[in-house]
$ cat model_30.txt   # compact mmCIF, C-alpha atoms
# COMPACT_ATOMS: atom_id res chain seq x y z
CA MET N 1 92.79 91.04 69.41
CA THR N 2 92.79 94.57 70.73
CA TYR N 3 95.64 95.83 72.90
CA TYR N 4 96.41 99.09 74.65
CA ARG N 5 98.71 100.03 77.48
CA ARG N 6 98.65 102.51 80.33
CA ASN N 7 100.63 101.32 83.37
CA LEU N 8 99.32 97.81 82.75
CA PRO N 9 98.77 96.00 79.47
CA HIS N 10 95.12 95.56 78.46
CA TRP N 11 94.32 92.67 76.12
CA GLN N 12 90.92 92.11 74.53
CA PRO N 13 90.81 88.90 72.50
CA GLU N 14 87.89 88.53 70.11
CA GLY N 15 85.01 86.62 71.72
CA ALA N 16 86.56 86.37 75.21
CA ALA N 17 84.72 87.37 78.38
CA LEU N 18 86.49 90.09 80.37
CA PHE N 19 86.77 90.32 84.14
CA LEU N 20 87.11 93.98 85.18
CA THR N 21 87.85 95.58 88.54
CA TRP N 22 87.43 99.30 89.11
CA ARG N 23 88.80 100.69 92.39
CA LEU N 24 88.03 104.00 94.00
CA HIS N 25 90.83 106.56 93.82
CA GLY N 26 93.11 106.35 96.85
CA VAL N 27 91.74 103.08 98.21
CA LEU N 28 94.93 101.00 98.06
CA PRO N 29 97.86 101.97 100.27
CA ARG N 30 100.83 103.37 98.38
CA GLU N 31 103.02 100.42 99.35
CA CYS N 32 100.83 98.14 97.23
CA PHE N 33 102.25 99.88 94.19
CA LEU N 34 105.81 100.42 95.39
CA ASP N 35 106.51 96.91 96.70
CA ARG N 36 104.37 94.42 94.85
CA ILE N 37 102.70 92.12 97.35
CA GLU N 38 103.15 89.13 95.04
CA LYS N 39 105.17 88.73 91.86
CA ASP N 40 102.60 86.41 90.23
CA PRO N 41 99.81 88.58 88.69
CA GLY N 42 96.99 86.26 89.82
CA ARG N 43 98.24 86.11 93.38
CA GLN N 44 98.91 89.85 93.33
CA PHE N 45 95.28 90.47 92.31
CA ALA N 46 94.01 88.17 95.09
CA ALA N 47 96.20 89.93 97.68
CA MET N 48 94.97 93.37 96.58
CA ASP N 49 91.37 92.15 96.53
CA ARG N 50 91.72 90.98 100.15
CA ILE N 51 92.89 94.50 101.04
CA LEU N 52 89.89 95.97 99.20
CA ASP N 53 87.46 93.63 100.96
CA THR N 54 88.58 94.85 104.39
CA ALA N 55 87.84 98.46 103.32
CA ALA N 56 90.42 99.56 105.90
CA ASN N 57 92.03 102.18 103.64
CA GLY N 58 90.74 105.12 101.69
CA PRO N 59 87.26 106.12 100.61
CA ARG N 60 84.14 103.97 100.77
CA TRP N 61 81.91 106.12 98.57
CA LEU N 62 80.17 103.10 97.05
CA ASN N 63 78.63 102.38 100.50
CA ASP N 64 76.30 105.31 99.87
CA PRO N 65 73.13 103.69 98.45
CA ARG N 66 72.62 106.67 96.11
CA VAL N 67 76.06 106.13 94.58
CA ALA N 68 75.69 102.33 94.41
CA LYS N 69 72.30 102.76 92.73
CA CYS N 70 73.83 105.15 90.19
CA VAL N 71 76.68 102.74 89.38
CA ALA N 72 74.30 99.75 89.09
CA ALA N 73 72.02 101.73 86.77
CA ALA N 74 74.99 102.80 84.63
CA LEU N 75 76.17 99.19 84.32
CA ARG N 76 72.73 98.11 83.11
CA TYR N 77 72.48 101.16 80.80
CA GLY N 78 75.84 100.27 79.24
CA GLU N 79 74.40 96.88 78.35
CA ALA N 80 70.78 97.66 77.44
CA VAL N 81 71.02 101.06 75.77
CA LEU N 82 74.64 101.68 74.76
CA LYS N 83 75.12 98.02 73.75
CA LEU N 84 78.75 98.15 74.94
CA TYR N 85 78.67 94.64 76.40
CA LYS N 86 76.60 91.77 77.69
CA LEU N 87 76.74 91.88 81.48
CA ARG N 88 77.26 88.38 82.90
CA ALA N 89 77.96 89.27 86.55
CA TRP N 90 78.68 92.32 88.67
CA VAL N 91 79.07 93.38 92.28
CA ILE N 92 79.47 96.80 93.85
CA MET N 93 81.46 96.72 97.08
CA SER N 94 82.26 99.68 99.34
CA ASN N 95 85.42 100.65 97.44
CA HIS N 96 85.52 98.61 94.22
CA VAL N 97 83.40 97.06 91.48
CA HIS N 98 83.86 93.69 89.77
CA LEU N 99 82.31 92.93 86.37
CA LEU N 100 82.28 89.99 84.01
CA ILE N 101 81.25 91.09 80.53
CA ASP N 102 81.14 89.93 76.96
CA PRO N 103 82.40 93.12 75.29
CA ALA N 104 80.79 94.48 72.12
CA ALA N 105 83.07 97.54 72.03
CA PRO N 106 86.75 98.25 72.72
CA LEU N 107 87.66 98.00 76.41
CA ALA N 108 89.07 101.52 76.49
CA GLY N 109 85.71 102.90 75.31
CA ILE N 110 83.76 100.82 77.82
CA ASN N 111 85.95 102.03 80.68
CA ARG N 112 85.83 105.64 79.50
CA SER N 113 82.06 105.69 79.00
CA ILE N 114 80.89 104.02 82.21
CA ARG N 115 83.61 105.23 84.54
CA SER N 116 83.49 108.89 83.44
CA TYR N 117 79.69 109.01 83.74
CA THR N 118 79.62 107.34 87.15
CA ALA N 119 82.49 109.51 88.42
CA ARG N 120 80.65 112.70 87.44
CA GLU N 121 77.35 111.52 88.91
CA ALA N 122 78.88 110.15 92.12
CA ASN N 123 80.83 113.37 92.69
CA ARG N 124 77.60 115.33 92.15
CA ILE N 125 75.70 113.09 94.58
CA LEU N 126 78.46 113.35 97.20
CA ALA N 127 78.98 117.10 96.61
CA ARG N 128 82.69 116.55 96.08
CA ALA N 129 85.28 117.20 93.39
CA GLY N 130 88.36 115.31 92.34
CA PRO N 131 89.20 111.86 91.04
CA PHE N 132 86.62 109.20 91.81
CA TRP N 133 88.03 106.04 90.22
CA GLN N 134 91.63 104.84 90.38
CA HIS N 135 93.30 105.88 87.12
CA GLU N 136 94.14 102.31 86.12
CA SER N 137 91.65 99.47 86.05
CA TYR N 138 92.35 95.76 86.26
CA ASP N 139 91.19 93.41 83.53
CA HIS N 140 91.65 89.75 82.77
CA TRP N 141 90.25 87.78 79.85
CA ALA N 142 88.69 84.42 80.62
CA ARG N 143 90.57 81.70 78.74
CA SER N 144 87.74 79.15 78.88
CA ARG N 145 84.07 78.69 79.76
CA ASP N 146 85.12 77.03 83.05
CA GLU N 147 87.29 80.01 83.96
CA ALA N 148 84.44 82.42 83.13
CA ASP N 149 82.13 80.38 85.38
CA ARG N 150 84.68 80.51 88.24
CA ILE N 151 85.00 84.28 87.79
CA LEU N 152 81.22 84.69 87.85
CA ARG N 153 81.02 82.75 91.14
CA TYR N 154 83.96 84.75 92.53
CA ILE N 155 82.20 88.05 91.72
CA GLU N 156 78.84 87.09 93.17
CA ARG N 157 80.41 85.52 96.29
CA ASN N 158 82.56 88.58 97.02
CA PRO N 159 80.18 90.07 99.64
CA VAL N 160 79.93 86.68 101.40
CA LYS N 161 83.72 86.24 101.36
CA ALA N 162 84.09 89.76 102.80
CA GLY N 163 81.71 88.83 105.64
CA LEU N 164 79.02 91.33 104.66
CA VAL N 165 76.20 88.82 104.13
CA GLN N 166 75.57 85.10 104.60
CA ARG N 167 74.16 84.37 101.11
CA VAL N 168 74.95 85.90 97.71
CA ASP N 169 71.33 86.96 97.10
CA GLU N 170 71.33 89.09 100.27
CA TRP N 171 73.74 91.70 98.86
CA PRO N 172 71.62 94.40 97.17
CA TRP N 173 74.33 95.62 94.75
CA SER N 174 75.00 92.44 92.80
CA SER N 175 73.81 90.51 89.79
CA ALA N 176 73.07 87.66 92.24
CA SER N 177 70.25 89.68 93.81
CA ALA N 178 69.31 92.04 91.00
CA PRO N 179 66.18 91.37 88.95
CA GLN N 180 67.24 90.05 85.55
$ encode --input "model_30.txt" --output "structure tokens"
Amino acid sequence: MTYYRRNLPHWQPEGAALFLTWRLHGVLPRECFLDRIEKDPGRQFAAMDRILDTAANGPRWLNDPRVAKCVAAALRYGEAVLKLYKLRAWVIMSNHVHLLIDPAAPLAGINRSIRSYTAREANRILARAGPFWQHESYDHWARSRDEADRILRYIERNPVKAGLVQRVDEWPWSSASAPQ
């Protein structure tokens, strides 16, 4: 089992699927970090995800189709060429990305590789400078096949739950609609 710590602990058990969430820098209001919405980590994640789905705060750079296309291509490149992981499910929302992967490399390296590349490219596309992704990412390892299946459905249903589309295959930036 691999472990590293930034502000949050990051566990990577051998053979476990990982659920990752990357948020844009500045997207969550400061009070989310000062006064935890929920004490339970699972409920805290769900509360923060509801805030992200409303896209009421901060940047929405992933709404730009050029940026979303870049991130989607980088996710597939990380699987097909870099062989960092097997990509089970993914969705790109306006201000965050959810992934479910079977890692083939340390989580810190996966985050560094994909996030640094997409940050550079997105900033170039948007003609901006500065942080793109929130410094800390969220990760959770699936404890069972059933949990991994629930996470996969959660990821692909995110645009429906957020009221952006009626069916999962209508959202263009998702594994549910992407050619396999």
$ residues_around --input "model_30.txt" --residues "range 72-79 of chain N" --least-positions-apart "3" --cutoff "12 Å" --atoms "only C-alpha atoms" --output "number ranges by chain"
N: 62, 65-69, 82-93, 97-105, 109-122, 172-175, 177-180
$ closest_residue --input "model_30.txt" --among "N:Leu107, N:Asn123, N:Gly58, N:Trp133" --to "Leu24 in chain N" --atoms "all atoms listed in the file"
N:Trp133
$ closest_residue --input "model_30.txt" --among "N:Gly130, N:Arg60, N:Lys161, N:Arg143" --to "Asn95 in chain N" --atoms "only C-alpha atoms"
N:Arg60
$ atom_distance --input "model_30.txt" --atom1 "CA of Arg23 in chain N" --atom2 "CA of Glu170 in chain N"
22.4 Å
$ closest_residue --input "model_30.txt" --among "N:Ala148, N:Asp139, N:Leu126, N:Ala17" --to "Asn63 in chain N" --atoms "all atoms listed in the file"
N:Leu126
$ residues_around --input "model_30.txt" --residues "Ile151 in chain N" --least-positions-apart "3" --cutoff "9 Å" --atoms "only C-alpha atoms" --output "MDAnalysis selection string"
chainID N and resid 19 89 100 142 146:148 154:156
$ write_last_selection --input "model_30.txt" --atoms "C-alpha atoms" --output "JSON list (two decimals), in the frame of the given file"
[["chain", "number", "residue", "atom", "x", "y", "z"],
["N", 19, "PHE", "CA", 86.77, 90.32, 84.14],
["N", 89, "ALA", "CA", 77.96, 89.27, 86.55],
["N", 100, "LEU", "CA", 82.28, 89.99, 84.01],
["N", 142, "ALA", "CA", 88.69, 84.42, 80.62],
["N", 146, "ASP", "CA", 85.12, 77.03, 83.05],
["N", 147, "GLU", "CA", 87.29, 80.01, 83.96],
["N", 148, "ALA", "CA", 84.44, 82.42, 83.13],
["N", 154, "TYR", "CA", 83.96, 84.75, 92.53],
["N", 155, "ILE", "CA", 82.20, 88.05, 91.72],
["N", 156, "GLU", "CA", 78.84, 87.09, 93.17]]
$ atom_distance --input "model_30.txt" --atom1 "CA of Ala176 in chain N" --atom2 "CA of Leu164 in chain N"
14.3 Å
$ atom_distance --input "model_30.txt" --atom1 "CA of Glu136 in chain N" --atom2 "CA of Trp22 in chain N"
7.9 Å
$ decode --input "model_30.txt" --residues "range 19-173 of chain N" --atoms "C-alpha atoms" --output "PDB file, in the first residue's frame"
ATOM      1  CA  PHE N  19     -11.984   7.522  -7.326  1.00  0.00           C
ATOM      2  CA  LEU N  20     -10.356  10.917  -7.955  1.00  0.00           C
ATOM      3  CA  THR N  21     -11.794  14.424  -7.999  1.00  0.00           C
ATOM      4  CA  TRP N  22      -9.816  17.374  -9.322  1.00  0.00           C
ATOM      5  CA  ARG N  23     -11.284  20.838  -8.693  1.00  0.00           C
ATOM      6  CA  LEU N  24     -10.392  24.077 -10.383  1.00  0.00           C
ATOM      7  CA  HIS N  25      -8.396  26.504  -8.254  1.00  0.00           C
ATOM      8  CA  GLY N  26     -10.663  28.876  -6.336  1.00  0.00           C
ATOM      9  CA  VAL N  27     -13.916  27.053  -7.058  1.00  0.00           C
ATOM     10  CA  LEU N  28     -14.949  26.255  -3.483  1.00  0.00           C
ATOM     11  CA  PRO N  29     -15.789  29.107  -1.127  1.00  0.00           C
ATOM     12  CA  ARG N  30     -13.240  29.627   1.634  1.00  0.00           C
ATOM     13  CA  GLU N  31     -15.755  28.677   4.322  1.00  0.00           C
ATOM     14  CA  CYS N  32     -15.789  25.115   2.968  1.00  0.00           C
ATOM     15  CA  PHE N  33     -12.270  24.760   4.289  1.00  0.00           C
ATOM     16  CA  LEU N  34     -12.575  26.805   7.471  1.00  0.00           C
ATOM     17  CA  ASP N  35     -15.812  25.299   8.808  1.00  0.00           C
ATOM     18  CA  ARG N  36     -16.192  21.767   7.520  1.00  0.00           C
ATOM     19  CA  ILE N  37     -19.694  21.316   6.151  1.00  0.00           C
ATOM     20  CA  GLU N  38     -19.867  17.779   7.543  1.00  0.00           C
ATOM     21  CA  LYS N  39     -17.602  15.933   9.943  1.00  0.00           C
ATOM     22  CA  ASP N  40     -18.066  12.567   8.182  1.00  0.00           C
ATOM     23  CA  PRO N  41     -15.667  12.447   5.160  1.00  0.00           C
ATOM     24  CA  GLY N  42     -18.229  10.797   2.840  1.00  0.00           C
ATOM     25  CA  ARG N  43     -20.924  13.311   3.679  1.00  0.00           C
ATOM     26  CA  GLN N  44     -18.400  16.139   3.468  1.00  0.00           C
ATOM     27  CA  PHE N  45     -17.467  15.022  -0.067  1.00  0.00           C
ATOM     28  CA  ALA N  46     -21.151  14.849  -1.078  1.00  0.00           C
ATOM     29  CA  ALA N  47     -21.808  18.341   0.335  1.00  0.00           C
ATOM     30  CA  MET N  48     -18.815  19.801  -1.518  1.00  0.00           C
ATOM     31  CA  ASP N  49     -19.815  17.996  -4.712  1.00  0.00           C
ATOM     32  CA  ARG N  50     -23.288  19.586  -4.508  1.00  0.00           C
ATOM     33  CA  ILE N  51     -21.577  22.989  -4.289  1.00  0.00           C
ATOM     34  CA  LEU N  52     -19.435  22.118  -7.321  1.00  0.00           C
ATOM     35  CA  ASP N  53     -22.457  20.964  -9.328  1.00  0.00           C
ATOM     36  CA  THR N  54     -24.167  24.337  -8.918  1.00  0.00           C
ATOM     37  CA  ALA N  55     -21.050  26.064 -10.343  1.00  0.00           C
ATOM     38  CA  ALA N  56     -22.100  29.167  -8.403  1.00  0.00           C
ATOM     39  CA  ASN N  57     -18.582  29.992  -7.196  1.00  0.00           C
ATOM     40  CA  GLY N  58     -15.273  30.535  -8.896  1.00  0.00           C
ATOM     41  CA  PRO N  59     -14.044  29.694 -12.367  1.00  0.00           C
ATOM     42  CA  ARG N  60     -15.774  27.470 -14.904  1.00  0.00           C
ATOM     43  CA  TRP N  61     -12.869  27.044 -17.306  1.00  0.00           C
ATOM     44  CA  LEU N  62     -13.816  23.450 -18.122  1.00  0.00           C
ATOM     45  CA  ASN N  63     -16.983  24.780 -19.827  1.00  0.00           C
ATOM     46  CA  ASP N  64     -14.757  25.911 -22.688  1.00  0.00           C
ATOM     47  CA  PRO N  65     -14.953  23.036 -25.212  1.00  0.00           C
ATOM     48  CA  ARG N  66     -11.283  23.541 -26.131  1.00  0.00           C
ATOM     49  CA  VAL N  67     -10.246  23.017 -22.508  1.00  0.00           C
ATOM     50  CA  ALA N  68     -12.627  20.077 -21.969  1.00  0.00           C
ATOM     51  CA  LYS N  69     -11.308  18.451 -25.157  1.00  0.00           C
ATOM     52  CA  CYS N  70      -7.724  18.922 -23.936  1.00  0.00           C
ATOM     53  CA  VAL N  71      -8.498  17.356 -20.537  1.00  0.00           C
ATOM     54  CA  ALA N  72     -10.393  14.432 -22.117  1.00  0.00           C
ATOM     55  CA  ALA N  73      -7.502  13.788 -24.512  1.00  0.00           C
ATOM     56  CA  ALA N  74      -4.993  13.914 -21.640  1.00  0.00           C
ATOM     57  CA  LEU N  75      -7.041  11.403 -19.639  1.00  0.00           C
ATOM     58  CA  ARG N  76      -7.063   8.987 -22.578  1.00  0.00           C
ATOM     59  CA  TYR N  77      -3.347   9.633 -23.262  1.00  0.00           C
ATOM     60  CA  GLY N  78      -2.530   8.813 -19.625  1.00  0.00           C
ATOM     61  CA  GLU N  79      -4.171   5.434 -20.140  1.00  0.00           C
ATOM     62  CA  ALA N  80      -3.214   4.513 -23.716  1.00  0.00           C
ATOM     63  CA  VAL N  81       0.287   5.940 -24.076  1.00  0.00           C
ATOM     64  CA  LEU N  82       1.697   6.632 -20.609  1.00  0.00           C
ATOM     65  CA  LYS N  83       0.095   3.461 -19.179  1.00  0.00           C
ATOM     66  CA  LEU N  84      -0.472   5.218 -15.837  1.00  0.00           C
ATOM     67  CA  TYR N  85      -3.872   3.617 -15.271  1.00  0.00           C
ATOM     68  CA  LYS N  86      -6.863   1.871 -16.757  1.00  0.00           C
ATOM     69  CA  LEU N  87      -9.633   4.438 -17.078  1.00  0.00           C
ATOM     70  CA  ARG N  88     -12.958   2.955 -15.927  1.00  0.00           C
ATOM     71  CA  ALA N  89     -15.081   6.132 -15.872  1.00  0.00           C
ATOM     72  CA  TRP N  90     -14.638   9.886 -16.116  1.00  0.00           C
ATOM     73  CA  VAL N  91     -16.637  13.083 -16.394  1.00  0.00           C
ATOM     74  CA  ILE N  92     -15.563  16.667 -16.980  1.00  0.00           C
ATOM     75  CA  MET N  93     -17.919  19.189 -15.397  1.00  0.00           C
ATOM     76  CA  SER N  94     -17.634  22.989 -15.565  1.00  0.00           C
ATOM     77  CA  ASN N  95     -15.350  23.238 -12.524  1.00  0.00           C
ATOM     78  CA  HIS N  96     -14.248  19.707 -11.592  1.00  0.00           C
ATOM     79  CA  VAL N  97     -13.340  16.298 -12.970  1.00  0.00           C
ATOM     80  CA  HIS N  98     -14.226  12.871 -11.558  1.00  0.00           C
ATOM     81  CA  LEU N  99     -12.255   9.737 -12.496  1.00  0.00           C
ATOM     82  CA  LEU N 100     -12.405   6.090 -11.579  1.00  0.00           C
ATOM     83  CA  ILE N 101      -9.130   4.375 -12.427  1.00  0.00           C
ATOM     84  CA  ASP N 102      -7.204   1.192 -11.865  1.00  0.00           C
ATOM     85  CA  PRO N 103      -3.775   2.725 -11.195  1.00  0.00           C
ATOM     86  CA  ALA N 104      -0.604   1.257 -12.699  1.00  0.00           C
ATOM     87  CA  ALA N 105       1.619   3.976 -11.192  1.00  0.00           C
ATOM     88  CA  PRO N 106       1.804   5.845  -7.879  1.00  0.00           C
ATOM     89  CA  LEU N 107      -1.078   8.274  -7.364  1.00  0.00           C
ATOM     90  CA  ALA N 108       1.262  11.218  -6.816  1.00  0.00           C
ATOM     91  CA  GLY N 109       2.828  10.615 -10.249  1.00  0.00           C
ATOM     92  CA  ILE N 110      -0.563  10.251 -11.941  1.00  0.00           C
ATOM     93  CA  ASN N 111      -1.777  13.519 -10.426  1.00  0.00           C
ATOM     94  CA  ARG N 112       1.458  15.328 -11.246  1.00  0.00           C
ATOM     95  CA  SER N 113       1.617  14.104 -14.842  1.00  0.00           C
ATOM     96  CA  ILE N 114      -1.975  14.686 -15.954  1.00  0.00           C
ATOM     97  CA  ARG N 115      -2.754  17.747 -13.865  1.00  0.00           C
ATOM     98  CA  SER N 116       0.455  19.642 -14.703  1.00  0.00           C
ATOM     99  CA  TYR N 117       0.057  18.980 -18.436  1.00  0.00           C
ATOM    100  CA  THR N 118      -3.617  19.967 -18.506  1.00  0.00           C
ATOM    101  CA  ALA N 119      -2.965  23.062 -16.379  1.00  0.00           C
ATOM    102  CA  ARG N 120      -0.255  24.272 -18.773  1.00  0.00           C
ATOM    103  CA  GLU N 121      -2.360  23.555 -21.865  1.00  0.00           C
ATOM    104  CA  ALA N 122      -5.568  25.024 -20.429  1.00  0.00           C
ATOM    105  CA  ASN N 123      -3.775  28.196 -19.357  1.00  0.00           C
ATOM    106  CA  ARG N 124      -2.297  28.461 -22.866  1.00  0.00           C
ATOM    107  CA  ILE N 125      -5.725  27.947 -24.464  1.00  0.00           C
ATOM    108  CA  LEU N 126      -7.338  30.513 -22.153  1.00  0.00           C
ATOM    109  CA  ALA N 127      -4.412  32.959 -22.443  1.00  0.00           C
ATOM    110  CA  ARG N 128      -4.116  33.143 -18.678  1.00  0.00           C
ATOM    111  CA  ALA N 129      -1.496  32.515 -16.014  1.00  0.00           C
ATOM    112  CA  GLY N 130      -1.725  31.234 -12.485  1.00  0.00           C
ATOM    113  CA  PRO N 131      -2.945  28.117 -10.734  1.00  0.00           C
ATOM    114  CA  PHE N 132      -5.438  26.063 -12.698  1.00  0.00           C
ATOM    115  CA  TRP N 133      -6.209  23.094 -10.426  1.00  0.00           C
ATOM    116  CA  GLN N 134      -6.873  23.229  -6.686  1.00  0.00           C
ATOM    117  CA  HIS N 135      -3.624  22.287  -4.948  1.00  0.00           C
ATOM    118  CA  GLU N 136      -5.144  19.278  -3.191  1.00  0.00           C
ATOM    119  CA  SER N 137      -7.120  16.564  -4.939  1.00  0.00           C
ATOM    120  CA  TYR N 138      -9.649  14.201  -3.434  1.00  0.00           C
ATOM    121  CA  ASP N 139      -9.202  10.451  -3.703  1.00  0.00           C
ATOM    122  CA  HIS N 140     -10.992   7.434  -2.321  1.00  0.00           C
ATOM    123  CA  TRP N 141     -10.178   3.776  -2.890  1.00  0.00           C
ATOM    124  CA  ALA N 142     -13.056   1.458  -3.714  1.00  0.00           C
ATOM    125  CA  ARG N 143     -13.285  -1.245  -1.055  1.00  0.00           C
ATOM    126  CA  SER N 144     -15.250  -3.693  -3.222  1.00  0.00           C
ATOM    127  CA  ARG N 145     -16.459  -4.371  -6.752  1.00  0.00           C
ATOM    128  CA  ASP N 146     -19.953  -3.174  -5.729  1.00  0.00           C
ATOM    129  CA  GLU N 147     -18.551   0.100  -4.429  1.00  0.00           C
ATOM    130  CA  ALA N 148     -16.542   0.599  -7.638  1.00  0.00           C
ATOM    131  CA  ASP N 149     -19.727   0.004  -9.658  1.00  0.00           C
ATOM    132  CA  ARG N 150     -21.624   2.577  -7.544  1.00  0.00           C
ATOM    133  CA  ILE N 151     -18.801   5.083  -8.052  1.00  0.00           C
ATOM    134  CA  LEU N 152     -18.837   4.481 -11.814  1.00  0.00           C
ATOM    135  CA  ARG N 153     -22.592   5.164 -11.934  1.00  0.00           C
ATOM    136  CA  TYR N 154     -22.133   8.235  -9.711  1.00  0.00           C
ATOM    137  CA  ILE N 155     -19.492   9.654 -12.074  1.00  0.00           C
ATOM    138  CA  GLU N 156     -21.441   9.065 -15.268  1.00  0.00           C
ATOM    139  CA  ARG N 157     -24.716  10.343 -13.744  1.00  0.00           C
ATOM    140  CA  ASN N 158     -23.119  13.559 -12.451  1.00  0.00           C
ATOM    141  CA  PRO N 159     -24.279  15.731 -15.399  1.00  0.00           C
ATOM    142  CA  VAL N 160     -27.836  14.365 -15.053  1.00  0.00           C
ATOM    143  CA  LYS N 161     -27.835  14.964 -11.282  1.00  0.00           C
ATOM    144  CA  ALA N 162     -26.598  18.524 -11.898  1.00  0.00           C
ATOM    145  CA  GLY N 163     -29.510  19.108 -14.309  1.00  0.00           C
ATOM    146  CA  LEU N 164     -27.317  19.608 -17.374  1.00  0.00           C
ATOM    147  CA  VAL N 165     -28.746  16.750 -19.467  1.00  0.00           C
ATOM    148  CA  GLN N 166     -31.573  14.213 -19.270  1.00  0.00           C
ATOM    149  CA  ARG N 167     -29.516  11.084 -20.061  1.00  0.00           C
ATOM    150  CA  VAL N 168     -25.899  10.179 -19.272  1.00  0.00           C
ATOM    151  CA  ASP N 169     -24.985   9.655 -22.939  1.00  0.00           C
ATOM    152  CA  GLU N 170     -25.991  13.245 -23.798  1.00  0.00           C
ATOM    153  CA  TRP N 171     -23.059  14.814 -21.906  1.00  0.00           C
ATOM    154  CA  PRO N 172     -20.159  15.136 -24.388  1.00  0.00           C
ATOM    155  CA  TRP N 173     -17.363  15.118 -21.775  1.00  0.00           C
TER     156      TRP N 173
END
